[in-house]
Amino acid sequence: MQADLIATRALVQAGALTAARAMDDSMRLAQASAAAHAFVSERFEAERERLHHTETAHLPLAGLAVSVKDLFDVAGEVTTAGSLALQDAPAATSDAPAVARLRAAGGSIVGRTHMVEFAFSGIGTNPHFPTPAAFDYRFGPLPGAARVPGGSSSGAAVSVASGACYAALGSDTGGSIRIPATFNGIVGFKSTARLVPTTGAVPLSTTLDTACAMTRSVRDAIVVHEVLAARRVTRSAAPLSAWRLAVPTHTFLDGLDGTVSTAFQRTLDLLRQAGAQIESIDLPETGELGPMQAQGSLAAAESYAWHRPVLARHAEQYDTRVRSRIERGAAMSAADYIHLQHARQAWISRMEARVAGFDALLSPTVAIVPPLLSDVVPGEARDAAFFQANALVLRNTSVVNMLDGCALSLPCHVQGELPVGLMVWHAAGRDDAVLNVGQRIEELLQKQ
């Protein structure tokens, strides 16, 4: 297991390691089998050369390798969003704000990462490009046949889990940071959406999109979030016993895979033994989301509005699984869309009232372990299995997006188990509590 950003930064600042030498290590790992297909383009050599002439040790990211999902503009590069339909688009004239902030903080932007076409899936496959396999950051290759990396920020997760990068910029609209973080045994933090600008990123849902990152640890997640959001997280040294936590039983615990159920229950037992106050609560409001979106989702309506002119020219170049979901937005009327927005705001108000008395809520990030890649790779014969798995992997995480909330996923499995994530979450603006609770939980789990 590679050291995290904070530990490596300390070595650089102490003069025990240079950023250029750290880049050599990152480049070596990017070329190893664990990172295969994680990048759609890379510039490790150029960044290593730049570091020989640039002082970065004093900056928050200290010159360490950072990847960027192929959704964000990087000056001089074409943003294809994992699609063939945008390959002939002009190169970006400037960095997206999120990229610019990472660069200004000393992050070395080493490449663009594989993603689900137009970010519209939680599985991670893309018929246009080879799909990277999930890789467990702490315990190495997953046993047996290749498993999906999670999506849509698939290559981003693998770039961190494989050791090639210390952080990866991605996006989360329904779970696209937290799902791949779970499947690769790393940390993913979805902040309150409005804290980080999404300008310069190809949109999926302008209402739900969040620009955020994956890292090797929760403490790294705090540092990278501070860079992306241009703000300071209020740290707390309060022990686990000082936080009031809740486990919602409605929806989140339904139909869990056995490995997920075991890991989640074991984690709750450990937290209680450490003095955590954990209360089980029912949140029947989560059952309202399906009927609320019966006429279509925000992602369908808002993505169709953006894609309509592109579809008119290049529909045949789209992944059929992605195109079918985008095109559902064409059937939504303006009244349907406005009604859904109003219904969502009323639902958020009810949910916030129900969870207001807690510092954070705990749930499995994903209900299942990563599916076998062979079961869901593109192909009509596997479409049913794909859509069933996609619904399951998105179920828990998407609740937080509809809530306009914030959520952290951190690994809670042990060696010999397939990757499982613990989701620590709350409503909008509760980011600091979620991060502080998550750090206390991570410290406890690392002692096991």
# chains A, B, ... in the order shown; residues from 1 in each chain; ligands from 1
$ residues_around --residues "A:Ala181" --least-positions-apart "6" --cutoff "8 Å" --atoms "only C-alpha atoms" --output "list of chain:residue names"
A:Gly150, A:Ala157, A:Val187, A:Gly188, A:Met214, A:Ser409, A:Leu410, A:Gly421
$ select_by_dssp --residues "stretch 2-214 of chain A" --states "strand (DSSP E)" --output "PDB file with N, CA, C and O atoms, in the first residue's frame"
ATOM      1  N   PHE A  39      -5.953   5.469 -17.748  1.00  0.00           N
ATOM      2  CA  PHE A  39      -5.750   6.763 -18.399  1.00  0.00           C
ATOM      3  C   PHE A  39      -6.120   6.698 -19.879  1.00  0.00           C
ATOM      4  O   PHE A  39      -5.809   5.721 -20.564  1.00  0.00           O
ATOM      5  N   VAL A  40      -6.762   7.746 -20.366  1.00  0.00           N
ATOM      6  CA  VAL A  40      -6.982   7.875 -21.806  1.00  0.00           C
ATOM      7  C   VAL A  40      -5.883   8.722 -22.437  1.00  0.00           C
ATOM      8  O   VAL A  40      -5.670   8.672 -23.647  1.00  0.00           O
ATOM      9  N   SER A  41      -5.188   9.505 -21.637  1.00  0.00           N
ATOM     10  CA  SER A  41      -3.995  10.223 -22.057  1.00  0.00           C
ATOM     11  C   SER A  41      -3.192  10.546 -20.807  1.00  0.00           C
ATOM     12  O   SER A  41      -3.750  10.662 -19.721  1.00  0.00           O
ATOM     13  N   GLU A  42      -1.863  10.657 -20.966  1.00  0.00           N
ATOM     14  CA  GLU A  42      -1.042  10.950 -19.783  1.00  0.00           C
ATOM     15  C   GLU A  42       0.153  11.816 -20.168  1.00  0.00           C
ATOM     16  O   GLU A  42       0.571  11.850 -21.312  1.00  0.00           O
ATOM     17  N   ALA A  65       1.277  13.728  -7.948  1.00  0.00           N
ATOM     18  CA  ALA A  65       0.482  13.396  -9.127  1.00  0.00           C
ATOM     19  C   ALA A  65      -1.013  13.422  -8.841  1.00  0.00           C
ATOM     20  O   ALA A  65      -1.486  12.827  -7.863  1.00  0.00           O
ATOM     21  N   VAL A  66      -1.739  14.107  -9.719  1.00  0.00           N
ATOM     22  CA  VAL A  66      -3.194  14.213  -9.647  1.00  0.00           C
ATOM     23  C   VAL A  66      -3.758  13.928 -11.038  1.00  0.00           C
ATOM     24  O   VAL A  66      -3.244  14.438 -12.035  1.00  0.00           O
ATOM     25  N   SER A  67      -4.797  13.106 -11.110  1.00  0.00           N
ATOM     26  CA  SER A  67      -5.438  12.831 -12.396  1.00  0.00           C
ATOM     27  C   SER A  67      -6.730  13.622 -12.518  1.00  0.00           C
ATOM     28  O   SER A  67      -7.301  14.066 -11.519  1.00  0.00           O
ATOM     29  N   VAL A  68      -7.196  13.757 -13.749  1.00  0.00           N
ATOM     30  CA  VAL A  68      -8.415  14.514 -14.038  1.00  0.00           C
ATOM     31  C   VAL A  68      -9.341  13.661 -14.896  1.00  0.00           C
ATOM     32  O   VAL A  68      -8.933  13.157 -15.949  1.00  0.00           O
ATOM     33  N   LYS A  69     -10.552  13.489 -14.450  1.00  0.00           N
ATOM     34  CA  LYS A  69     -11.563  12.776 -15.225  1.00  0.00           C
ATOM     35  C   LYS A  69     -11.756  13.464 -16.572  1.00  0.00           C
ATOM     36  O   LYS A  69     -11.760  14.694 -16.647  1.00  0.00           O
ATOM     37  N   SER A 108       0.329  18.121  -9.697  1.00  0.00           N
ATOM     38  CA  SER A 108       0.856  17.850 -11.030  1.00  0.00           C
ATOM     39  C   SER A 108      -0.198  17.080 -11.816  1.00  0.00           C
ATOM     40  O   SER A 108      -0.491  15.922 -11.505  1.00  0.00           O
ATOM     41  N   ILE A 109      -0.794  17.727 -12.811  1.00  0.00           N
ATOM     42  CA  ILE A 109      -1.866  17.116 -13.590  1.00  0.00           C
ATOM     43  C   ILE A 109      -1.234  16.143 -14.587  1.00  0.00           C
ATOM     44  O   ILE A 109      -0.661  16.545 -15.596  1.00  0.00           O
ATOM     45  N   VAL A 110      -1.318  14.857 -14.303  1.00  0.00           N
ATOM     46  CA  VAL A 110      -0.549  13.857 -15.055  1.00  0.00           C
ATOM     47  C   VAL A 110      -1.349  13.130 -16.127  1.00  0.00           C
ATOM     48  O   VAL A 110      -0.781  12.370 -16.903  1.00  0.00           O
ATOM     49  N   GLY A 111      -2.652  13.340 -16.190  1.00  0.00           N
ATOM     50  CA  GLY A 111      -3.399  12.669 -17.243  1.00  0.00           C
ATOM     51  C   GLY A 111      -4.898  12.749 -17.067  1.00  0.00           C
ATOM     52  O   GLY A 111      -5.403  13.143 -16.004  1.00  0.00           O
ATOM     53  N   ARG A 112      -5.579  12.384 -18.147  1.00  0.00           N
ATOM     54  CA  ARG A 112      -7.037  12.308 -18.171  1.00  0.00           C
ATOM     55  C   ARG A 112      -7.438  10.856 -17.998  1.00  0.00           C
ATOM     56  O   ARG A 112      -6.821   9.957 -18.587  1.00  0.00           O
ATOM     57  N   THR A 113      -8.495  10.622 -17.224  1.00  0.00           N
ATOM     58  CA  THR A 113      -8.837   9.242 -16.891  1.00  0.00           C
ATOM     59  C   THR A 113     -10.109   8.747 -17.584  1.00  0.00           C
ATOM     60  O   THR A 113     -11.009   9.514 -17.919  1.00  0.00           O
ATOM     61  N   PHE A 135      -9.243  -2.458  -8.525  1.00  0.00           N
ATOM     62  CA  PHE A 135      -8.004  -2.824  -7.823  1.00  0.00           C
ATOM     63  C   PHE A 135      -8.103  -2.297  -6.409  1.00  0.00           C
ATOM     64  O   PHE A 135      -8.363  -1.104  -6.199  1.00  0.00           O
ATOM     65  N   ASP A 136      -7.919  -3.171  -5.435  1.00  0.00           N
ATOM     66  CA  ASP A 136      -8.066  -2.773  -4.033  1.00  0.00           C
ATOM     67  C   ASP A 136      -6.781  -2.092  -3.545  1.00  0.00           C
ATOM     68  O   ASP A 136      -5.716  -2.707  -3.490  1.00  0.00           O
ATOM     69  N   GLY A 140      -4.558  -5.104  -2.824  1.00  0.00           N
ATOM     70  CA  GLY A 140      -4.077  -5.550  -4.122  1.00  0.00           C
ATOM     71  C   GLY A 140      -5.162  -6.045  -5.058  1.00  0.00           C
ATOM     72  O   GLY A 140      -6.344  -5.727  -4.897  1.00  0.00           O
ATOM     73  N   PRO A 141      -4.787  -6.842  -6.056  1.00  0.00           N
ATOM     74  CA  PRO A 141      -5.756  -7.287  -7.068  1.00  0.00           C
ATOM     75  C   PRO A 141      -6.926  -8.035  -6.430  1.00  0.00           C
ATOM     76  O   PRO A 141      -6.740  -8.815  -5.486  1.00  0.00           O
ATOM     77  N   ALA A 167      -4.381  11.788  -5.794  1.00  0.00           N
ATOM     78  CA  ALA A 167      -5.761  12.264  -5.780  1.00  0.00           C
ATOM     79  C   ALA A 167      -6.267  12.260  -7.214  1.00  0.00           C
ATOM     80  O   ALA A 167      -5.478  12.328  -8.169  1.00  0.00           O
ATOM     81  N   ALA A 168      -7.570  12.173  -7.361  1.00  0.00           N
ATOM     82  CA  ALA A 168      -8.184  12.146  -8.684  1.00  0.00           C
ATOM     83  C   ALA A 168      -9.418  13.028  -8.675  1.00  0.00           C
ATOM     84  O   ALA A 168     -10.315  12.844  -7.842  1.00  0.00           O
ATOM     85  N   LEU A 169      -9.452  13.984  -9.592  1.00  0.00           N
ATOM     86  CA  LEU A 169     -10.634  14.835  -9.751  1.00  0.00           C
ATOM     87  C   LEU A 169     -11.680  14.073 -10.543  1.00  0.00           C
ATOM     88  O   LEU A 169     -11.396  13.515 -11.603  1.00  0.00           O
ATOM     89  N   GLY A 170     -12.895  14.053 -10.024  1.00  0.00           N
ATOM     90  CA  GLY A 170     -14.006  13.416 -10.712  1.00  0.00           C
ATOM     91  C   GLY A 170     -15.278  14.192 -10.489  1.00  0.00           C
ATOM     92  O   GLY A 170     -15.247  15.364 -10.092  1.00  0.00           O
ATOM     93  N   SER A 171     -16.393  13.554 -10.740  1.00  0.00           N
ATOM     94  CA  SER A 171     -17.691  14.187 -10.528  1.00  0.00           C
ATOM     95  C   SER A 171     -18.634  13.175  -9.909  1.00  0.00           C
ATOM     96  O   SER A 171     -18.442  11.965 -10.045  1.00  0.00           O
ATOM     97  N   VAL A 187     -10.948   6.317  -0.701  1.00  0.00           N
ATOM     98  CA  VAL A 187     -11.859   7.287  -0.094  1.00  0.00           C
ATOM     99  C   VAL A 187     -12.405   8.212  -1.174  1.00  0.00           C
ATOM    100  O   VAL A 187     -11.658   8.687  -2.038  1.00  0.00           O
ATOM    101  N   GLY A 188     -13.700   8.465  -1.135  1.00  0.00           N
ATOM    102  CA  GLY A 188     -14.318   9.424  -2.038  1.00  0.00           C
ATOM    103  C   GLY A 188     -15.196  10.375  -1.249  1.00  0.00           C
ATOM    104  O   GLY A 188     -15.991   9.929  -0.412  1.00  0.00           O
ATOM    105  N   PHE A 189     -15.039  11.667  -1.499  1.00  0.00           N
ATOM    106  CA  PHE A 189     -15.849  12.655  -0.783  1.00  0.00           C
ATOM    107  C   PHE A 189     -16.665  13.475  -1.764  1.00  0.00           C
ATOM    108  O   PHE A 189     -16.122  14.159  -2.619  1.00  0.00           O
ATOM    109  N   LYS A 190     -17.995  13.377  -1.626  1.00  0.00           N
ATOM    110  CA  LYS A 190     -18.916  14.222  -2.388  1.00  0.00           C
ATOM    111  C   LYS A 190     -19.320  15.373  -1.476  1.00  0.00           C
ATOM    112  O   LYS A 190     -20.023  15.192  -0.486  1.00  0.00           O
ATOM    113  N   ALA A 211     -18.460  18.547  -8.436  1.00  0.00           N
ATOM    114  CA  ALA A 211     -17.040  18.340  -8.729  1.00  0.00           C
ATOM    115  C   ALA A 211     -16.333  18.021  -7.420  1.00  0.00           C
ATOM    116  O   ALA A 211     -16.400  18.809  -6.464  1.00  0.00           O
ATOM    117  N   CYS A 212     -15.683  16.863  -7.352  1.00  0.00           N
ATOM    118  CA  CYS A 212     -15.087  16.416  -6.099  1.00  0.00           C
ATOM    119  C   CYS A 212     -13.988  15.395  -6.405  1.00  0.00           C
ATOM    120  O   CYS A 212     -13.639  15.211  -7.573  1.00  0.00           O
ATOM    121  N   ALA A 213     -13.464  14.733  -5.390  1.00  0.00           N
ATOM    122  CA  ALA A 213     -12.251  13.956  -5.613  1.00  0.00           C
ATOM    123  C   ALA A 213     -12.219  12.654  -4.830  1.00  0.00           C
ATOM    124  O   ALA A 213     -12.960  12.464  -3.857  1.00  0.00           O
ATOM    125  N   MET A 214     -11.323  11.777  -5.266  1.00  0.00           N
ATOM    126  CA  MET A 214     -10.983  10.544  -4.557  1.00  0.00           C
ATOM    127  C   MET A 214      -9.537  10.630  -4.087  1.00  0.00           C
ATOM    128  O   MET A 214      -8.685  11.204  -4.774  1.00  0.00           O
TER     129      MET A 214
END
$ closest_atom_pairs --of "stretch 173-266 of chain A" --to "stretch 86-95 of chain A" --cutoff "10 Å" --atoms "only C-alpha atoms" --output "tab-separated table"
residue	atom	partner	partner_atom	distance
A:Thr199	CA	A:Asp95	CA	9.6
A:Gly200	CA	A:Asp95	CA	7.3
A:Ala201	CA	A:Asp95	CA	9.8
$ write_last_selection --atoms "N, CA, C and O atoms" --output "compact mmCIF listing (two decimals), in the first residue's frame"
# COMPACT_ATOMS: atom_id res chain seq x y z
N THR A 199 -18.15 24.70 -13.58
CA THR A 199 -17.85 25.35 -14.85
C THR A 199 -16.69 24.61 -15.53
O THR A 199 -15.74 24.19 -14.86
N GLY A 200 -16.77 24.47 -16.84
CA GLY A 200 -15.70 23.80 -17.55
C GLY A 200 -15.76 22.30 -17.50
O GLY A 200 -14.79 21.61 -17.83
N ALA A 201 -16.92 21.75 -17.10
CA ALA A 201 -17.14 20.31 -17.10
C ALA A 201 -18.38 20.01 -17.94
O ALA A 201 -19.37 20.74 -17.86
$ atom_distance --atom1 "atom CA of A:Ala427" --atom2 "atom CA of A:Leu403"
6.4 Å
$ closest_residue --among "A:Trp306, A:Asp24, A:Val369, A:Ala428" --to "A:Asn184" --atoms "only C-alpha atoms"
A:Val369
$ closest_residue --among "A:Cys412, A:Leu372, A:Ala164, A:Ala330" --to "A:Ala146" --atoms "only C-alpha atoms"
A:Leu372
$ closest_residue --among "A:Pro378, A:Gly151, A:Gly107, A:Gly255" --to "A:Phe129" --atoms "only C-alpha atoms"
A:Pro378
$ closest_residue --among "A:Val233, A:Ala433, A:Gly357, A:Leu102" --to "A:Leu59" --atoms "only C-alpha atoms"
A:Leu102
$ residues_around --residues "A:Ile123" --least-positions-apart "4" --cutoff "12 Å" --atoms "only C-alpha atoms" --output "PyMOL selection string"
chain A and resi 115-117+119+131-134+147-155+174-183+321-322+366+368-373+375-378+385-394
$ closest_residue --among "A:Leu256, A:Leu340, A:Ala312, A:Ile348" --to "A:Ala300" --atoms "only C-alpha atoms"
A:Leu340
$ atom_distance --atom1 "atom CA of A:Ala193" --atom2 "atom CA of A:Asp431"
10.5 Å
$ select_by_dssp --residues "stretch 51-214 of chain A" --states "helix (DSSP H, G or I)" --output "PyMOL selection string"
chain A and resi 51+97-104+117-119+154-161+178-183+193-195
$ write_last_selection --atoms "N, CA, C and O atoms" --output "mmCIF file, in the first residue's frame"
data_model
loop_
_atom_site.group_PDB
_atom_site.id
_atom_site.type_symbol
_atom_site.label_atom_id
_atom_site.label_comp_id
_atom_site.auth_asym_id
_atom_site.auth_seq_id
_atom_site.Cartn_x
_atom_site.Cartn_y
_atom_site.Cartn_z
ATOM 1 N N LEU A 51 8.920 19.481 -12.791
ATOM 2 C CA LEU A 51 9.235 19.510 -11.360
ATOM 3 C C LEU A 51 10.723 19.737 -11.094
ATOM 4 O O LEU A 51 11.100 20.188 -10.008
ATOM 5 N N PRO A 97 -12.261 25.623 -13.473
ATOM 6 C CA PRO A 97 -11.844 26.142 -12.168
ATOM 7 C C PRO A 97 -11.329 25.073 -11.206
ATOM 8 O O PRO A 97 -10.345 25.315 -10.493
ATOM 9 N N ALA A 98 -11.968 23.904 -11.201
ATOM 10 C CA ALA A 98 -11.501 22.840 -10.300
ATOM 11 C C ALA A 98 -10.095 22.398 -10.657
ATOM 12 O O ALA A 98 -9.251 22.156 -9.776
ATOM 13 N N VAL A 99 -9.799 22.292 -11.950
ATOM 14 C CA VAL A 99 -8.453 21.924 -12.397
ATOM 15 C C VAL A 99 -7.466 23.028 -12.053
ATOM 16 O O VAL A 99 -6.354 22.767 -11.559
ATOM 17 N N ALA A 100 -7.864 24.258 -12.296
ATOM 18 C CA ALA A 100 -6.982 25.396 -12.007
ATOM 19 C C ALA A 100 -6.627 25.453 -10.519
ATOM 20 O O ALA A 100 -5.482 25.772 -10.151
ATOM 21 N N ARG A 101 -7.581 25.150 -9.658
ATOM 22 C CA ARG A 101 -7.308 25.190 -8.225
ATOM 23 C C ARG A 101 -6.338 24.086 -7.821
ATOM 24 O O ARG A 101 -5.455 24.300 -6.969
ATOM 25 N N LEU A 102 -6.488 22.898 -8.392
ATOM 26 C CA LEU A 102 -5.557 21.816 -8.099
ATOM 27 C C LEU A 102 -4.151 22.179 -8.566
ATOM 28 O O LEU A 102 -3.162 21.948 -7.860
ATOM 29 N N ARG A 103 -4.066 22.756 -9.756
ATOM 30 C CA ARG A 103 -2.765 23.141 -10.305
ATOM 31 C C ARG A 103 -2.114 24.237 -9.447
ATOM 32 O O ARG A 103 -0.913 24.172 -9.136
ATOM 33 N N ALA A 104 -2.888 25.228 -9.044
ATOM 34 C CA ALA A 104 -2.352 26.330 -8.238
ATOM 35 C C ALA A 104 -1.889 25.850 -6.867
ATOM 36 O O ALA A 104 -0.991 26.454 -6.258
ATOM 37 N N GLU A 117 -19.195 6.915 -20.668
ATOM 38 C CA GLU A 117 -19.560 7.955 -21.621
ATOM 39 C C GLU A 117 -20.556 8.930 -20.999
ATOM 40 O O GLU A 117 -21.602 8.531 -20.482
ATOM 41 N N PHE A 118 -20.208 10.201 -21.043
ATOM 42 C CA PHE A 118 -21.021 11.296 -20.535
ATOM 43 C C PHE A 118 -21.461 11.096 -19.082
ATOM 44 O O PHE A 118 -22.456 11.661 -18.639
ATOM 45 N N ALA A 119 -20.716 10.259 -18.352
ATOM 46 C CA ALA A 119 -20.893 10.098 -16.902
ATOM 47 C C ALA A 119 -22.236 9.492 -16.504
ATOM 48 O O ALA A 119 -22.674 9.668 -15.376
ATOM 49 N N SER A 154 -14.425 6.015 -13.292
ATOM 50 C CA SER A 154 -13.803 4.694 -13.177
ATOM 51 C C SER A 154 -12.281 4.758 -13.193
ATOM 52 O O SER A 154 -11.607 4.288 -12.273
ATOM 53 N N GLY A 155 -11.710 5.323 -14.257
ATOM 54 C CA GLY A 155 -10.259 5.426 -14.320
ATOM 55 C C GLY A 155 -9.688 6.293 -13.213
ATOM 56 O O GLY A 155 -8.557 6.065 -12.759
ATOM 57 N N ALA A 156 -10.447 7.278 -12.778
ATOM 58 C CA ALA A 156 -10.001 8.135 -11.677
ATOM 59 C C ALA A 156 -9.735 7.305 -10.430
ATOM 60 O O ALA A 156 -8.705 7.459 -9.767
ATOM 61 N N ALA A 157 -10.653 6.416 -10.102
ATOM 62 C CA ALA A 157 -10.487 5.569 -8.922
ATOM 63 C C ALA A 157 -9.289 4.643 -9.069
ATOM 64 O O ALA A 157 -8.490 4.481 -8.139
ATOM 65 N N VAL A 158 -9.157 4.035 -10.240
ATOM 66 C CA VAL A 158 -8.048 3.104 -10.455
ATOM 67 C C VAL A 158 -6.720 3.834 -10.424
ATOM 68 O O VAL A 158 -5.708 3.296 -9.952
ATOM 69 N N SER A 159 -6.690 5.092 -10.888
ATOM 70 C CA SER A 159 -5.437 5.850 -10.859
ATOM 71 C C SER A 159 -4.953 6.062 -9.428
ATOM 72 O O SER A 159 -3.743 6.102 -9.179
ATOM 73 N N VAL A 160 -5.870 6.194 -8.482
ATOM 74 C CA VAL A 160 -5.499 6.363 -7.074
ATOM 75 C C VAL A 160 -5.215 5.016 -6.420
ATOM 76 O O VAL A 160 -4.209 4.839 -5.731
ATOM 77 N N ALA A 161 -6.102 4.043 -6.641
ATOM 78 C CA ALA A 161 -5.948 2.738 -5.996
ATOM 79 C C ALA A 161 -4.661 2.043 -6.425
ATOM 80 O O ALA A 161 -4.020 1.355 -5.623
ATOM 81 N N ARG A 178 -18.303 8.122 -5.112
ATOM 82 C CA ARG A 178 -18.352 7.186 -3.987
ATOM 83 C C ARG A 178 -18.420 5.725 -4.426
ATOM 84 O O ARG A 178 -17.866 4.843 -3.765
ATOM 85 N N ILE A 179 -19.076 5.439 -5.545
ATOM 86 C CA ILE A 179 -19.165 4.047 -6.019
ATOM 87 C C ILE A 179 -17.795 3.524 -6.439
ATOM 88 O O ILE A 179 -17.353 2.469 -5.952
ATOM 89 N N PRO A 180 -17.074 4.216 -7.351
ATOM 90 C CA PRO A 180 -15.747 3.702 -7.693
ATOM 91 C C PRO A 180 -14.769 3.728 -6.521
ATOM 92 O O PRO A 180 -13.881 2.873 -6.436
ATOM 93 N N ALA A 181 -14.920 4.686 -5.607
ATOM 94 C CA ALA A 181 -14.079 4.672 -4.409
ATOM 95 C C ALA A 181 -14.314 3.385 -3.628
ATOM 96 O O ALA A 181 -13.370 2.736 -3.163
ATOM 97 N N THR A 182 -15.562 2.997 -3.481
ATOM 98 C CA THR A 182 -15.898 1.760 -2.778
ATOM 99 C C THR A 182 -15.293 0.553 -3.461
ATOM 100 O O THR A 182 -14.647 -0.297 -2.829
ATOM 101 N N PHE A 183 -15.490 0.440 -4.765
ATOM 102 C CA PHE A 183 -15.056 -0.757 -5.489
ATOM 103 C C PHE A 183 -13.536 -0.876 -5.576
ATOM 104 O O PHE A 183 -13.014 -1.938 -5.925
ATOM 105 N N ALA A 193 -22.852 20.311 -3.211
ATOM 106 C CA ALA A 193 -22.550 20.592 -4.619
ATOM 107 C C ALA A 193 -22.097 22.023 -4.866
ATOM 108 O O ALA A 193 -21.160 22.264 -5.633
ATOM 109 N N ARG A 194 -22.724 22.977 -4.213
ATOM 110 C CA ARG A 194 -22.446 24.378 -4.535
ATOM 111 C C ARG A 194 -21.080 24.857 -4.063
ATOM 112 O O ARG A 194 -20.651 25.959 -4.417
ATOM 113 N N LEU A 195 -20.360 24.046 -3.303
ATOM 114 C CA LEU A 195 -19.079 24.489 -2.761
ATOM 115 C C LEU A 195 -17.970 24.521 -3.810
ATOM 116 O O LEU A 195 -16.979 25.232 -3.637
#
$ closest_residue --among "A:Val247, A:Ala14, A:Met332, A:Leu61" --to "A:Asp220" --atoms "only C-alpha atoms"
A:Leu61
$ residues_around --residues "A:Ser26" --least-positions-apart "3" --cutoff "8 Å" --atoms "only C-alpha atoms" --output "JSON, numbers by chain"
{"A": [22, 23, 29, 30, 65, 163, 164, 165]}
$ residues_around --residues "A:Lys447" --least-positions-apart "5" --cutoff "12 Å" --atoms "only C-alpha atoms" --output "compact mmCIF listing (two decimals) with N, CA and C atoms, in the first residue's frame"
# COMPACT_ATOMS: atom_id res chain seq x y z
N LEU A 270 -17.83 -2.31 15.94
CA LEU A 270 -16.57 -1.69 16.35
C LEU A 270 -16.78 -0.26 16.83
N ALA A 274 -16.23 1.34 20.62
CA ALA A 274 -15.36 2.51 20.82
C ALA A 274 -16.11 3.67 21.46
N CYS A 412 -14.37 -0.28 4.50
CA CYS A 412 -14.60 -0.91 5.81
C CYS A 412 -14.49 -2.43 5.74
N VAL A 414 -12.19 -6.09 5.24
CA VAL A 414 -10.91 -6.60 5.73
C VAL A 414 -10.30 -7.48 4.64
N ARG A 440 -12.36 10.11 12.31
CA ARG A 440 -12.33 9.31 13.55
C ARG A 440 -12.62 7.83 13.23
N ILE A 441 -13.56 7.58 12.32
CA ILE A 441 -13.89 6.20 11.96
C ILE A 441 -12.71 5.55 11.26
N GLU A 442 -12.07 6.26 10.35
CA GLU A 442 -10.93 5.71 9.64
C GLU A 442 -9.82 5.35 10.63
$ residues_around --residues "A:Asp254" --least-positions-apart "4" --cutoff "10 Å" --atoms "only C-alpha atoms" --output "list of chain:residue names"
A:Thr249, A:His250, A:Ser261, A:Ala367, A:Asn396
$ atom_distance --atom1 "atom CA of A:Asp25" --atom2 "atom CA of A:Val223"
21.6 Å
$ residues_around --residues "A:Ala276" --least-positions-apart "3" --cutoff "9 Å" --atoms "only C-alpha atoms" --output "JSON, numbers by chain"
{"A": [239, 240, 241, 242, 243, 244, 245, 268, 270, 271, 272, 273]}
